[in-house]
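Colleague: Structure file coords28.txt (compact mmCIF, C-alpha atoms and all ligand atoms) right here:
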```
# COMPACT_ATOMS: atom_id res chain seq x y z
CA MET A 119 0.51 11.80 -39.71
CA LYS A 120 -2.25 13.36 -37.60
CA ARG A 121 -2.11 12.66 -33.86
CA GLY A 122 -5.54 10.98 -33.77
CA SER A 123 -4.88 8.71 -36.75
CA HIS A 124 -1.57 7.57 -35.24
CA CYS A 125 -3.37 6.64 -32.04
CA ALA A 126 -6.14 4.70 -33.81
CA SER A 127 -3.69 2.78 -36.03
CA LEU A 128 -1.47 1.96 -33.02
CA PHE A 129 -4.49 0.44 -31.30
CA TYR A 130 -5.41 -1.70 -34.29
CA ILE A 131 -1.86 -2.85 -35.08
CA ARG A 132 -1.42 -3.88 -31.49
CA THR A 133 -4.72 -5.77 -31.30
CA GLU A 134 -3.72 -8.24 -34.04
CA ILE A 135 -0.80 -10.67 -33.90
CA SER A 136 -0.03 -9.71 -37.46
CA SER A 137 3.62 -8.74 -36.97
CA LYS A 138 5.81 -11.37 -35.31
CA ASN A 139 8.61 -8.82 -34.84
CA LEU A 140 6.36 -6.37 -32.99
CA ILE A 141 5.18 -9.07 -30.61
CA HIS A 142 8.73 -10.36 -30.08
CA LEU A 143 9.85 -6.90 -28.95
CA MET A 144 7.06 -6.67 -26.38
CA ILE A 145 7.01 -10.19 -24.93
CA MET A 146 6.63 -9.99 -21.16
CA ASN A 147 6.23 -12.04 -18.03
CA ILE A 148 2.94 -10.97 -16.51
CA ALA A 149 1.77 -11.66 -12.94
CA LEU A 150 -2.00 -11.94 -12.69
CA ILE A 151 -3.29 -10.80 -9.32
CA GLY A 152 -6.97 -11.78 -9.10
CA TYR A 153 -7.98 -14.78 -11.18
CA GLY A 154 -11.70 -14.10 -11.46
CA LYS A 155 -13.77 -13.06 -14.49
CA MET A 156 -11.29 -10.37 -15.58
CA GLY A 157 -8.13 -12.27 -14.64
CA ARG A 158 -9.18 -15.24 -16.81
CA GLU A 159 -10.10 -13.02 -19.78
CA ILE A 160 -6.78 -11.14 -19.46
CA GLU A 161 -4.86 -14.43 -19.38
CA LYS A 162 -6.43 -15.52 -22.72
CA ILE A 163 -5.51 -12.25 -24.44
CA ALA A 164 -2.02 -12.06 -22.91
CA LEU A 165 -1.18 -15.61 -24.10
CA LYS A 166 -2.61 -14.89 -27.54
CA ARG A 167 -0.31 -11.88 -27.81
CA GLY A 168 2.73 -14.05 -26.99
CA HIS A 169 3.23 -13.13 -23.31
CA SER A 170 3.86 -15.57 -20.45
CA ILE A 171 2.07 -15.69 -17.12
CA SER A 172 4.78 -15.75 -14.44
CA LEU A 173 2.47 -15.86 -11.43
CA LYS A 174 -1.26 -16.33 -10.79
CA ILE A 175 -2.57 -15.10 -7.46
CA ASP A 176 -6.07 -15.43 -6.04
CA ILE A 177 -7.48 -15.59 -2.50
CA ALA A 178 -6.45 -19.24 -1.99
CA ASN A 179 -2.72 -18.53 -2.60
CA MET A 180 -2.48 -14.81 -1.77
CA ALA A 181 0.48 -15.50 0.58
CA GLU A 182 2.49 -16.33 -2.56
CA LEU A 183 2.48 -12.68 -3.64
CA THR A 184 6.06 -12.05 -2.45
CA VAL A 185 9.13 -10.16 -3.67
CA ALA A 186 10.85 -13.49 -4.38
CA ASN A 187 7.95 -14.81 -6.47
CA LEU A 188 7.74 -11.53 -8.42
CA LYS A 189 11.40 -11.55 -9.40
CA ASP A 190 10.81 -12.73 -12.99
CA THR A 191 7.77 -10.50 -13.54
CA ASP A 192 7.84 -7.48 -15.88
CA VAL A 193 4.36 -6.15 -15.05
CA ALA A 194 1.57 -7.17 -12.65
CA ILE A 195 -2.06 -6.90 -13.74
CA GLU A 196 -4.37 -6.52 -10.74
CA PHE A 197 -8.15 -7.07 -10.86
CA THR A 198 -9.29 -8.10 -7.37
CA SER A 199 -11.60 -6.38 -4.87
CA PRO A 200 -11.89 -2.91 -3.30
CA GLU A 201 -10.51 -4.24 0.02
CA SER A 202 -7.40 -5.92 -1.36
CA ALA A 203 -6.17 -3.65 -4.16
CA TYR A 204 -4.17 -1.18 -2.02
CA ARG A 205 -2.16 -3.90 -0.27
CA ASN A 206 -1.45 -5.64 -3.57
CA TYR A 207 -0.08 -2.41 -5.09
CA LEU A 208 2.33 -1.90 -2.18
CA LEU A 209 3.55 -5.49 -2.41
CA CYS A 210 4.32 -5.08 -6.13
CA PHE A 211 5.97 -1.69 -5.59
CA GLY A 212 8.17 -3.35 -2.93
CA ALA A 213 9.34 -5.79 -5.61
CA GLY A 214 9.96 -2.99 -8.13
CA VAL A 215 7.23 -4.33 -10.43
CA PRO A 216 4.96 -1.84 -12.24
CA VAL A 217 1.24 -2.41 -11.68
CA VAL A 218 -1.69 -2.15 -14.08
CA SER A 219 -4.96 -2.20 -12.15
CA GLY A 220 -8.63 -1.98 -12.98
CA THR A 221 -10.02 -2.72 -9.52
CA THR A 222 -12.72 -0.22 -8.61
CA GLY A 223 -14.29 0.93 -5.34
CA TRP A 224 -11.01 1.87 -3.60
CA GLN A 225 -10.46 5.29 -5.26
CA SER A 226 -10.56 7.23 -1.96
CA LYS A 227 -6.91 6.09 -1.64
CA LEU A 228 -5.94 6.88 -5.25
CA GLN A 229 -4.11 10.11 -4.37
CA GLU A 230 -2.17 8.35 -1.61
CA ILE A 231 -1.04 5.57 -3.97
CA GLU A 232 -0.05 8.09 -6.64
CA THR A 233 2.05 10.00 -4.09
CA ILE A 234 3.83 6.83 -2.87
CA CYS A 235 4.39 5.74 -6.46
CA LYS A 236 5.95 9.03 -7.53
CA LYS A 237 8.08 9.31 -4.36
CA ASP A 238 9.49 5.78 -4.60
CA LYS A 239 9.71 5.78 -8.43
CA ASN A 240 7.33 2.89 -8.99
CA GLY A 241 5.09 2.37 -12.01
CA PHE A 242 1.30 2.55 -11.68
CA PHE A 243 -1.44 2.52 -14.32
CA TRP A 244 -5.05 2.64 -13.17
CA ALA A 245 -8.26 3.08 -15.17
CA SER A 246 -11.86 2.93 -14.04
CA ASN A 247 -12.53 1.43 -17.46
CA PHE A 248 -10.00 -0.07 -19.89
CA SER A 249 -12.20 -0.21 -23.00
CA LEU A 250 -11.44 2.06 -25.95
CA GLY A 251 -15.18 2.72 -26.45
CA VAL A 252 -15.72 3.88 -22.87
CA ASN A 253 -12.74 6.22 -23.06
CA LEU A 254 -14.21 7.76 -26.21
CA PHE A 255 -17.53 7.91 -24.33
CA PHE A 256 -15.77 9.89 -21.55
CA LEU A 257 -14.67 12.48 -24.13
CA ILE A 258 -18.18 12.67 -25.64
CA ASN A 259 -19.63 13.02 -22.11
CA ASN A 260 -17.28 15.92 -21.31
CA LYS A 261 -18.12 17.71 -24.57
CA ILE A 262 -21.89 17.35 -24.10
CA ALA A 263 -21.58 18.58 -20.50
CA GLU A 264 -19.67 21.64 -21.72
CA ILE A 265 -22.54 22.41 -24.14
CA MET A 266 -25.34 21.66 -21.65
CA ASN A 267 -23.89 23.97 -19.00
CA LYS A 268 -25.66 26.76 -20.91
CA PHE A 269 -29.08 25.04 -20.72
CA PRO A 270 -30.27 24.89 -17.10
CA GLU A 271 -33.73 23.62 -18.13
CA TYR A 272 -32.14 20.16 -18.48
CA ASP A 273 -31.64 18.03 -15.37
CA ILE A 274 -28.96 15.33 -15.55
CA ALA A 275 -28.68 11.76 -14.25
CA ILE A 276 -26.39 8.75 -14.78
CA GLU A 277 -27.45 5.10 -14.82
CA ASP A 278 -24.87 2.37 -14.15
CA ILE A 279 -26.09 -1.17 -14.94
CA HIS A 280 -23.93 -4.22 -14.12
CA HIS A 281 -24.15 -7.94 -13.28
CA ASN A 282 -25.33 -8.79 -9.80
CA ASN A 283 -21.91 -9.99 -8.54
CA LYS A 284 -20.39 -6.51 -8.76
CA LEU A 285 -19.20 -5.49 -5.28
CA ASP A 286 -19.05 -1.69 -5.58
CA ALA A 287 -21.65 0.93 -6.48
CA PRO A 288 -21.62 3.28 -8.24
CA SER A 289 -19.21 1.82 -10.78
CA GLY A 290 -15.78 3.44 -11.26
CA THR A 291 -16.94 4.36 -14.77
CA ALA A 292 -20.04 6.14 -13.43
CA ILE A 293 -17.82 8.10 -11.02
CA THR A 294 -15.52 9.16 -13.90
CA LEU A 295 -18.60 10.23 -15.93
CA ALA A 296 -19.91 12.16 -12.91
CA GLU A 297 -16.54 13.88 -12.38
CA GLY A 298 -16.55 14.95 -16.05
CA ILE A 299 -20.05 16.41 -15.69
CA LEU A 300 -19.32 18.17 -12.37
CA LYS A 301 -16.27 19.84 -13.93
CA GLU A 302 -18.41 21.43 -16.68
CA ILE A 303 -21.89 21.94 -15.22
CA ASN A 304 -21.92 24.80 -12.72
CA ARG A 305 -25.43 24.00 -11.42
CA LYS A 306 -24.36 20.54 -10.12
CA LYS A 307 -22.23 20.58 -6.97
CA ASP A 308 -21.74 16.89 -6.09
CA TRP A 309 -23.02 13.42 -6.94
CA VAL A 310 -25.34 11.18 -4.90
CA LEU A 311 -26.10 7.49 -5.23
CA ASN A 312 -29.65 6.12 -5.63
CA GLU A 313 -31.45 9.03 -4.02
CA PHE A 314 -32.76 12.40 -5.04
CA LYS A 315 -31.27 15.03 -2.71
CA SER A 316 -31.71 18.29 -4.59
CA VAL A 317 -31.35 19.58 -8.15
CA GLN A 318 -27.84 20.68 -7.19
CA SER A 319 -26.77 17.04 -6.83
CA LEU A 320 -26.09 14.80 -9.80
CA GLN A 321 -28.00 11.57 -9.27
CA ILE A 322 -26.33 8.22 -10.11
CA VAL A 323 -28.66 5.22 -10.18
CA ALA A 324 -26.90 1.82 -9.89
CA LYS A 325 -28.80 -1.27 -11.05
CA ARG A 326 -27.40 -4.76 -10.47
CA ILE A 327 -29.01 -7.37 -12.70
CA GLY A 328 -28.14 -10.78 -14.22
CA GLU A 329 -24.98 -10.95 -16.33
CA VAL A 330 -24.74 -7.38 -17.73
CA PRO A 331 -20.98 -6.68 -18.36
CA GLY A 332 -21.48 -2.88 -18.09
CA THR A 333 -23.93 -0.31 -19.46
CA HIS A 334 -23.80 3.43 -18.74
CA ILE A 335 -26.46 5.96 -19.70
CA VAL A 336 -26.23 9.73 -19.25
CA THR A 337 -29.60 11.49 -19.55
CA TYR A 338 -30.37 15.19 -19.93
CA ASP A 339 -34.08 15.71 -19.31
CA SER A 340 -36.26 18.82 -19.73
CA GLU A 341 -40.01 19.44 -19.68
CA VAL A 342 -40.22 18.98 -23.45
CA ASP A 343 -37.66 16.33 -24.39
CA SER A 344 -34.70 14.27 -23.27
CA ILE A 345 -31.25 13.54 -24.69
CA GLU A 346 -29.46 10.29 -23.84
CA ILE A 347 -26.00 8.90 -24.55
CA THR A 348 -25.35 5.21 -23.89
CA HIS A 349 -22.31 2.95 -23.85
CA THR A 350 -22.97 -0.79 -23.80
CA ALA A 351 -20.13 -3.28 -23.31
CA LYS A 352 -20.81 -6.52 -25.20
CA GLY A 353 -18.47 -8.57 -23.00
CA ARG A 354 -15.24 -8.35 -20.99
CA ARG A 355 -12.87 -8.69 -23.97
CA GLY A 356 -12.60 -4.91 -24.52
CA PHE A 357 -11.58 -4.32 -20.88
CA ALA A 358 -9.11 -7.22 -20.91
CA LEU A 359 -7.45 -6.12 -24.17
CA GLY A 360 -7.05 -2.59 -22.78
CA ALA A 361 -5.40 -3.97 -19.63
CA VAL A 362 -2.90 -6.05 -21.66
CA LEU A 363 -2.10 -3.05 -23.91
CA ALA A 364 -1.54 -1.00 -20.75
CA ALA A 365 0.82 -3.69 -19.42
CA GLU A 366 2.82 -3.57 -22.68
CA PHE A 367 2.93 0.24 -22.35
CA MET A 368 4.15 -0.02 -18.71
CA LYS A 369 7.06 -2.44 -19.26
CA GLY A 370 10.13 -0.79 -17.69
CA LYS A 371 8.27 2.46 -16.86
CA THR A 372 7.99 4.40 -13.61
CA GLY A 373 5.39 7.07 -12.83
CA VAL A 374 1.60 7.30 -12.84
CA TYR A 375 -0.36 6.74 -16.05
CA GLY A 376 -3.91 6.31 -17.31
CA MET A 377 -5.88 5.68 -20.50
CA LYS A 378 -5.23 9.21 -21.78
CA ASP A 379 -1.51 8.33 -21.97
CA LEU A 380 -2.10 4.93 -23.58
CA LEU A 381 -4.57 6.18 -26.18
CA ASN A 382 -2.86 9.53 -26.70
CA LEU A 383 -6.18 11.30 -26.06
N1 LIG A 401 -11.37 -1.09 -15.03
C1 LIG A 401 -12.06 -1.92 -15.81
O1 LIG A 401 -12.08 -1.80 -17.07
C2 LIG A 401 -12.84 -3.03 -15.17
C3 LIG A 401 -13.56 -3.95 -15.93
C4 LIG A 401 -14.20 -5.00 -15.26
C5 LIG A 401 -14.09 -5.13 -13.88
N2 LIG A 401 -13.41 -4.20 -13.17
C6 LIG A 401 -13.19 -4.29 -11.74
O2 LIG A 401 -12.18 -5.27 -11.51
C7 LIG A 401 -12.40 -5.95 -10.26
C8 LIG A 401 -12.48 -7.45 -10.51
O3 LIG A 401 -13.55 -7.71 -11.40
P1 LIG A 401 -13.93 -9.24 -11.79
O4 LIG A 401 -15.14 -9.09 -12.64
O5 LIG A 401 -12.76 -9.98 -12.28
O6 LIG A 401 -14.35 -9.80 -10.35
P2 LIG A 401 -14.31 -11.29 -9.84
O7 LIG A 401 -15.02 -11.30 -8.54
O8 LIG A 401 -14.77 -12.23 -10.91
O9 LIG A 401 -12.75 -11.57 -9.61
C9 LIG A 401 -11.99 -11.00 -8.58
C10 LIG A 401 -11.02 -12.08 -8.10
O10 LIG A 401 -10.09 -11.50 -7.18
C11 LIG A 401 -9.87 -12.45 -6.16
N3 LIG A 401 -9.33 -11.78 -4.99
C12 LIG A 401 -9.98 -11.07 -4.02
N4 LIG A 401 -9.09 -10.63 -3.11
C13 LIG A 401 -7.86 -11.02 -3.52
C14 LIG A 401 -6.54 -10.85 -3.01
N5 LIG A 401 -6.30 -10.18 -1.88
N6 LIG A 401 -5.51 -11.38 -3.70
C15 LIG A 401 -5.73 -12.06 -4.84
N7 LIG A 401 -6.95 -12.27 -5.36
C16 LIG A 401 -8.00 -11.76 -4.71
C17 LIG A 401 -11.23 -13.12 -5.95
O11 LIG A 401 -11.11 -14.35 -5.29
C18 LIG A 401 -11.73 -13.24 -7.39
O12 LIG A 401 -11.33 -14.47 -7.97
C19 LIG A 401 -13.66 -5.30 -9.69
O13 LIG A 401 -13.28 -4.26 -8.83
C20 LIG A 401 -14.38 -4.74 -10.92
O14 LIG A 401 -15.23 -3.65 -10.62
C21 LIG A 401 -12.78 -3.15 -13.79
```
Rewrite the coordinates I just gave you, this time as structure tokens.

Modeller:
Amino acid sequence: MKRGSHCASLFYIRTEISSKNLIHLMIMNIALIGYGKMGREIEKIALKRGHSISLKIDIANMAELTVANLKDTDVAIEFTSPESAYRNYLLCFGAGVPVVSGTTGWQSKLQEIETICKKDKNGFFWASNFSLGVNLFFLINNKIAEIMNKFPEYDIAIEDIHHNNKLDAPSGTAITLAEGILKEINRKKDWVLNEFKSVQSLQIVAKRIGEVPGTHIVTYDSEVDSIEITHTAKGRRGFALGAVLAAEFMKGKTGVYGMKDLLNL
């Protein structure tokens, strides 16, 4: 079987509760850290896939995130805020519980967490975006950037559009898109948020409006035409499913992982 087709079929088999045996093998106790929009969506999908929720932590009961309370937990899924993620990871590592996290806006400490995790043999899975579609979009973005490196007449910008309760800007997804572009396009040296600095900087424009779950647009613009690629999330279900699949992948694992490992990309 080809590598790609195995990956796609794995994703589909796992998204349906069609095989009782498969689900039985993977049943887990999941701790939910952060019981907001994502935490609630993740709970629905986890229960539907036969898992149990061993612990639910939000701001009101954050003192209950302790080694003792995590003792029956196989994996913790963390979707909180940029300020609290780092501390939550360390608490779970202290309890020997692998963490799956989608919290964004704290990535300046990503390297530090990865180093601690590897040194102490903990398990950590982080993704700026857990949806299958966005991870395919990342690959498409990288390929287009590779091609467009040869065409300096095109300027490049990224738009990140989200609901108006989002705390961080730019989005973690926009940063991953920008990193992909900066790796391929020699004429862009860094990214800037919401300002035009110089043609050497890749501009990211963050818009916060209404209830938008997440839209990302990459535009290549020249004097004569423009080329755009867009990913539009239709809701939070795709992110939540990805997070639960990542938790199933992380059961009993140590080390640092991401969507490339889960999707075999
Ligand atoms: N990676 C992805 O695919 C993805 C997708 C959607 C959202 N996100 C990110 O996930 C995070 C959460 O998103 P959301 O839409 O659920 O936000 P939200 O505001 O609806 O929920 C966050 C919850 O975390 C709680 N919280 C804050 N500090 C806490 C702490 N110390 N301990 C426990 N709970 C705490 C808040 O009270 C809130 O209920 C954000 O950083 C967002 O950008 C990532």

Colleague: As a short mmCIF file (atom, residue, chain, number, x, y, z; two decimals) with C-alpha atoms, keeping the file's coordinate frame, please: the residues near Glu264 of chain A (cut-off 10 Å, all atoms listed in the file, same-chain neighbours under 2 positions excluded).

Modeller:
```cif
data_model
loop_
_atom_site.label_atom_id
_atom_site.label_comp_id
_atom_site.auth_asym_id
_atom_site.auth_seq_id
_atom_site.Cartn_x
_atom_site.Cartn_y
_atom_site.Cartn_z
CA ILE A 258 -18.18 12.67 -25.64
CA ASN A 259 -19.63 13.02 -22.11
CA ASN A 260 -17.28 15.92 -21.31
CA LYS A 261 -18.12 17.71 -24.57
CA ILE A 262 -21.89 17.35 -24.10
CA MET A 266 -25.34 21.66 -21.65
CA ASN A 267 -23.89 23.97 -19.00
CA LYS A 268 -25.66 26.76 -20.91
CA GLY A 298 -16.55 14.95 -16.05
CA ILE A 299 -20.05 16.41 -15.69
CA LEU A 300 -19.32 18.17 -12.37
CA LYS A 301 -16.27 19.84 -13.93
CA GLU A 302 -18.41 21.43 -16.68
CA ILE A 303 -21.89 21.94 -15.22
CA ASN A 304 -21.92 24.80 -12.72
#
```

Colleague: Just how far from atom CA of Ile274 of chain A is atom CA of Trp244 of chain A, in Å to one decimal?

Modeller: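 Those two atoms sit 27.2 Å apart.
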
Colleague: Taking all atoms listed in the file into account, which residues have an atom no farther than 8 Å from ligand LIG 401 (chain A)? I'd like them as a PyMOL selection string.

Modeller: chain A and resi 151-158+175-180+196-203+205-206+219-223+244-249+283-286+289-291+331+354+357-358+360-361

Colleague: Suppose we keep C-alpha atoms; can you now write the selection as a CSV table (one decimal), in the coordinates of the input?

Modeller:
```
chain,number,residue,atom,x,y,z
A,151,ILE,CA,-3.3,-10.8,-9.3
A,152,GLY,CA,-7.0,-11.8,-9.1
A,153,TYR,CA,-8.0,-14.8,-11.2
A,154,GLY,CA,-11.7,-14.1,-11.5
A,155,LYS,CA,-13.8,-13.1,-14.5
A,156,MET,CA,-11.3,-10.4,-15.6
A,157,GLY,CA,-8.1,-12.3,-14.6
A,158,ARG,CA,-9.2,-15.2,-16.8
A,175,ILE,CA,-2.6,-15.1,-7.5
A,176,ASP,CA,-6.1,-15.4,-6.0
A,177,ILE,CA,-7.5,-15.6,-2.5
A,178,ALA,CA,-6.4,-19.2,-2.0
A,179,ASN,CA,-2.7,-18.5,-2.6
A,180,MET,CA,-2.5,-14.8,-1.8
A,196,GLU,CA,-4.4,-6.5,-10.7
A,197,PHE,CA,-8.2,-7.1,-10.9
A,198,THR,CA,-9.3,-8.1,-7.4
A,199,SER,CA,-11.6,-6.4,-4.9
A,200,PRO,CA,-11.9,-2.9,-3.3
A,201,GLU,CA,-10.5,-4.2,0.0
A,202,SER,CA,-7.4,-5.9,-1.4
A,203,ALA,CA,-6.2,-3.6,-4.2
A,205,ARG,CA,-2.2,-3.9,-0.3
A,206,ASN,CA,-1.4,-5.6,-3.6
A,219,SER,CA,-5.0,-2.2,-12.2
A,220,GLY,CA,-8.6,-2.0,-13.0
A,221,THR,CA,-10.0,-2.7,-9.5
A,222,THR,CA,-12.7,-0.2,-8.6
A,223,GLY,CA,-14.3,0.9,-5.3
A,244,TRP,CA,-5.0,2.6,-13.2
A,245,ALA,CA,-8.3,3.1,-15.2
A,246,SER,CA,-11.9,2.9,-14.0
A,247,ASN,CA,-12.5,1.4,-17.5
A,248,PHE,CA,-10.0,-0.1,-19.9
A,249,SER,CA,-12.2,-0.2,-23.0
A,283,ASN,CA,-21.9,-10.0,-8.5
A,284,LYS,CA,-20.4,-6.5,-8.8
A,285,LEU,CA,-19.2,-5.5,-5.3
A,286,ASP,CA,-19.0,-1.7,-5.6
A,289,SER,CA,-19.2,1.8,-10.8
A,290,GLY,CA,-15.8,3.4,-11.3
A,291,THR,CA,-16.9,4.4,-14.8
A,331,PRO,CA,-21.0,-6.7,-18.4
A,354,ARG,CA,-15.2,-8.4,-21.0
A,357,PHE,CA,-11.6,-4.3,-20.9
A,358,ALA,CA,-9.1,-7.2,-20.9
A,360,GLY,CA,-7.0,-2.6,-22.8
A,361,ALA,CA,-5.4,-4.0,-19.6
```

Colleague: Have a look at atom CA of His281 of chain A and atom CA of Val362 of chain A and let me know their distance in Å, one decimal.

Modeller: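 It comes out at 22.9 Å.
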
Colleague: In terms of the shortest atom-to-atom distance over all atoms listed in the file, which of A:Thr348, A:Val374, A:Tyr272, A:Phe367 is closest to Phe242 of chain A?

Modeller: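 Between A:Thr348, A:Val374, A:Tyr272, A:Phe367, the residue approaching Phe242 of chain A most closely is A:Val374.
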
Colleague: One decimal, Å: what's the distance from atom CA of Ser316 of chain A over to atom CA of Ser340 of chain A, could you say?

Modeller: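 We find that atom CA of Ser316 of chain A and atom CA of Ser340 of chain A lie 15.8 Å from each other.
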
Colleague: Would you pick out the contacts of segment 184-187 of chain A at 7 Å or less, using all atoms listed in the file, so that residues sharing its chain but fewer than 2 positions from it are not included, and give the list as a ChimeraX atom specification?

Modeller: /A:182,189,212-213

Colleague: Just need the box for segment 146-163 of chain A, edges along x, y and z, holding every atom the file lists for it with 4 Å tacked onto each side, so centre and edge lengths in Å to one decimal, as AutoDock Vina command-line options.

Modeller:
```
--center_x -3.6 --center_y -12.8 --center_z -16.8 --size_x 28.4 --size_y 13.5 --size_z 23.3
```

Colleague: Find the residue from A:Val336, A:Leu209, A:Leu173, A:Leu250 that sits nearest to Gly356 of chain A; use all atoms listed in the file when measuring.

Modeller: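 Counting all atoms listed in the file, the residue closest to Gly356 of chain A is A:Leu250.
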
Colleague: Once you count all atoms listed in the file, which residues end up no further than 8 Å from (8.7, 5.1, -12.8) in the file's frame, shown as a list in words?

Modeller: Pro216, Cys235, Lys236, Lys239, Asn240, Gly241, Phe242, Gly370, Lys371, Thr372, Gly373 and Val374 of chain A

Colleague: Output C-alpha atoms for every residue in the selection just made, as a tab-separated table (two decimals), keeping the file's coordinate frame.

Modeller:
```tsv
chain	number	residue	atom	x	y	z
A	216	PRO	CA	4.96	-1.84	-12.24
A	235	CYS	CA	4.39	5.74	-6.46
A	236	LYS	CA	5.95	9.03	-7.53
A	239	LYS	CA	9.71	5.78	-8.43
A	240	ASN	CA	7.33	2.89	-8.99
A	241	GLY	CA	5.09	2.37	-12.01
A	242	PHE	CA	1.30	2.55	-11.68
A	370	GLY	CA	10.13	-0.79	-17.69
A	371	LYS	CA	8.27	2.46	-16.86
A	372	THR	CA	7.99	4.40	-13.61
A	373	GLY	CA	5.39	7.07	-12.83
A	374	VAL	CA	1.60	7.30	-12.84
```

Colleague: Of the residues A:Asp278, A:Glu232, A:Glu161, A:Asp273, which is the one nearest to Ser319 of chain A, using only C-alpha atoms?

Modeller: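 Among the listed residues, the smallest separation from Ser319 of chain A belongs to A:Asp273.
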
Colleague: Some atoms are missing, so please complete segment 366-380 of chain A with N, CA and C atoms and return it as an mmCIF file, in the frame of the given file.

Modeller:
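The result, stored in rebuild_21.cif:
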```
data_model
loop_
_atom_site.group_PDB
_atom_site.id
_atom_site.type_symbol
_atom_site.label_atom_id
_atom_site.label_comp_id
_atom_site.auth_asym_id
_atom_site.auth_seq_id
_atom_site.Cartn_x
_atom_site.Cartn_y
_atom_site.Cartn_z
ATOM 1 N N GLU A 366 1.738 -3.710 -21.687
ATOM 2 C CA GLU A 366 2.820 -3.570 -22.680
ATOM 3 C C GLU A 366 3.401 -2.146 -22.619
ATOM 4 N N PHE A 367 2.524 -1.171 -22.439
ATOM 5 C CA PHE A 367 2.930 0.240 -22.350
ATOM 6 C C PHE A 367 3.794 0.472 -21.089
ATOM 7 N N MET A 368 3.490 -0.266 -20.003
ATOM 8 C CA MET A 368 4.150 -0.020 -18.710
ATOM 9 C C MET A 368 5.490 -0.734 -18.547
ATOM 10 N N LYS A 369 5.817 -1.668 -19.444
ATOM 11 C CA LYS A 369 7.060 -2.440 -19.260
ATOM 12 C C LYS A 369 8.256 -1.485 -19.090
ATOM 13 N N GLY A 370 8.925 -1.600 -17.954
ATOM 14 C CA GLY A 370 10.130 -0.790 -17.690
ATOM 15 C C GLY A 370 9.853 0.662 -17.333
ATOM 16 N N LYS A 371 8.573 1.035 -17.144
ATOM 17 C CA LYS A 371 8.270 2.460 -16.860
ATOM 18 C C LYS A 371 8.085 2.710 -15.357
ATOM 19 N N THR A 372 8.392 3.944 -14.944
ATOM 20 C CA THR A 372 7.990 4.400 -13.610
ATOM 21 C C THR A 372 7.073 5.596 -13.798
ATOM 22 N N GLY A 373 6.318 5.932 -12.741
ATOM 23 C CA GLY A 373 5.390 7.070 -12.830
ATOM 24 C C GLY A 373 3.945 6.599 -12.872
ATOM 25 N N VAL A 374 3.041 7.583 -12.922
ATOM 26 C CA VAL A 374 1.600 7.300 -12.840
ATOM 27 C C VAL A 374 0.971 7.580 -14.206
ATOM 28 N N TYR A 375 0.228 6.621 -14.708
ATOM 29 C CA TYR A 375 -0.360 6.740 -16.050
ATOM 30 C C TYR A 375 -1.825 6.328 -16.048
ATOM 31 N N GLY A 376 -2.509 6.706 -17.135
ATOM 32 C CA GLY A 376 -3.910 6.310 -17.310
ATOM 33 C C GLY A 376 -4.218 6.161 -18.790
ATOM 34 N N MET A 377 -5.492 5.964 -19.111
ATOM 35 C CA MET A 377 -5.880 5.680 -20.500
ATOM 36 C C MET A 377 -5.565 6.832 -21.449
ATOM 37 N N LYS A 378 -5.552 8.059 -20.921
ATOM 38 C CA LYS A 378 -5.230 9.210 -21.780
ATOM 39 C C LYS A 378 -3.820 9.061 -22.342
ATOM 40 N N ASP A 379 -2.897 8.532 -21.516
ATOM 41 C CA ASP A 379 -1.510 8.330 -21.970
ATOM 42 C C ASP A 379 -1.446 7.196 -22.976
ATOM 43 N N LEU A 380 -2.152 6.105 -22.682
ATOM 44 C CA LEU A 380 -2.100 4.930 -23.580
ATOM 45 C C LEU A 380 -2.707 5.245 -24.937
#
```
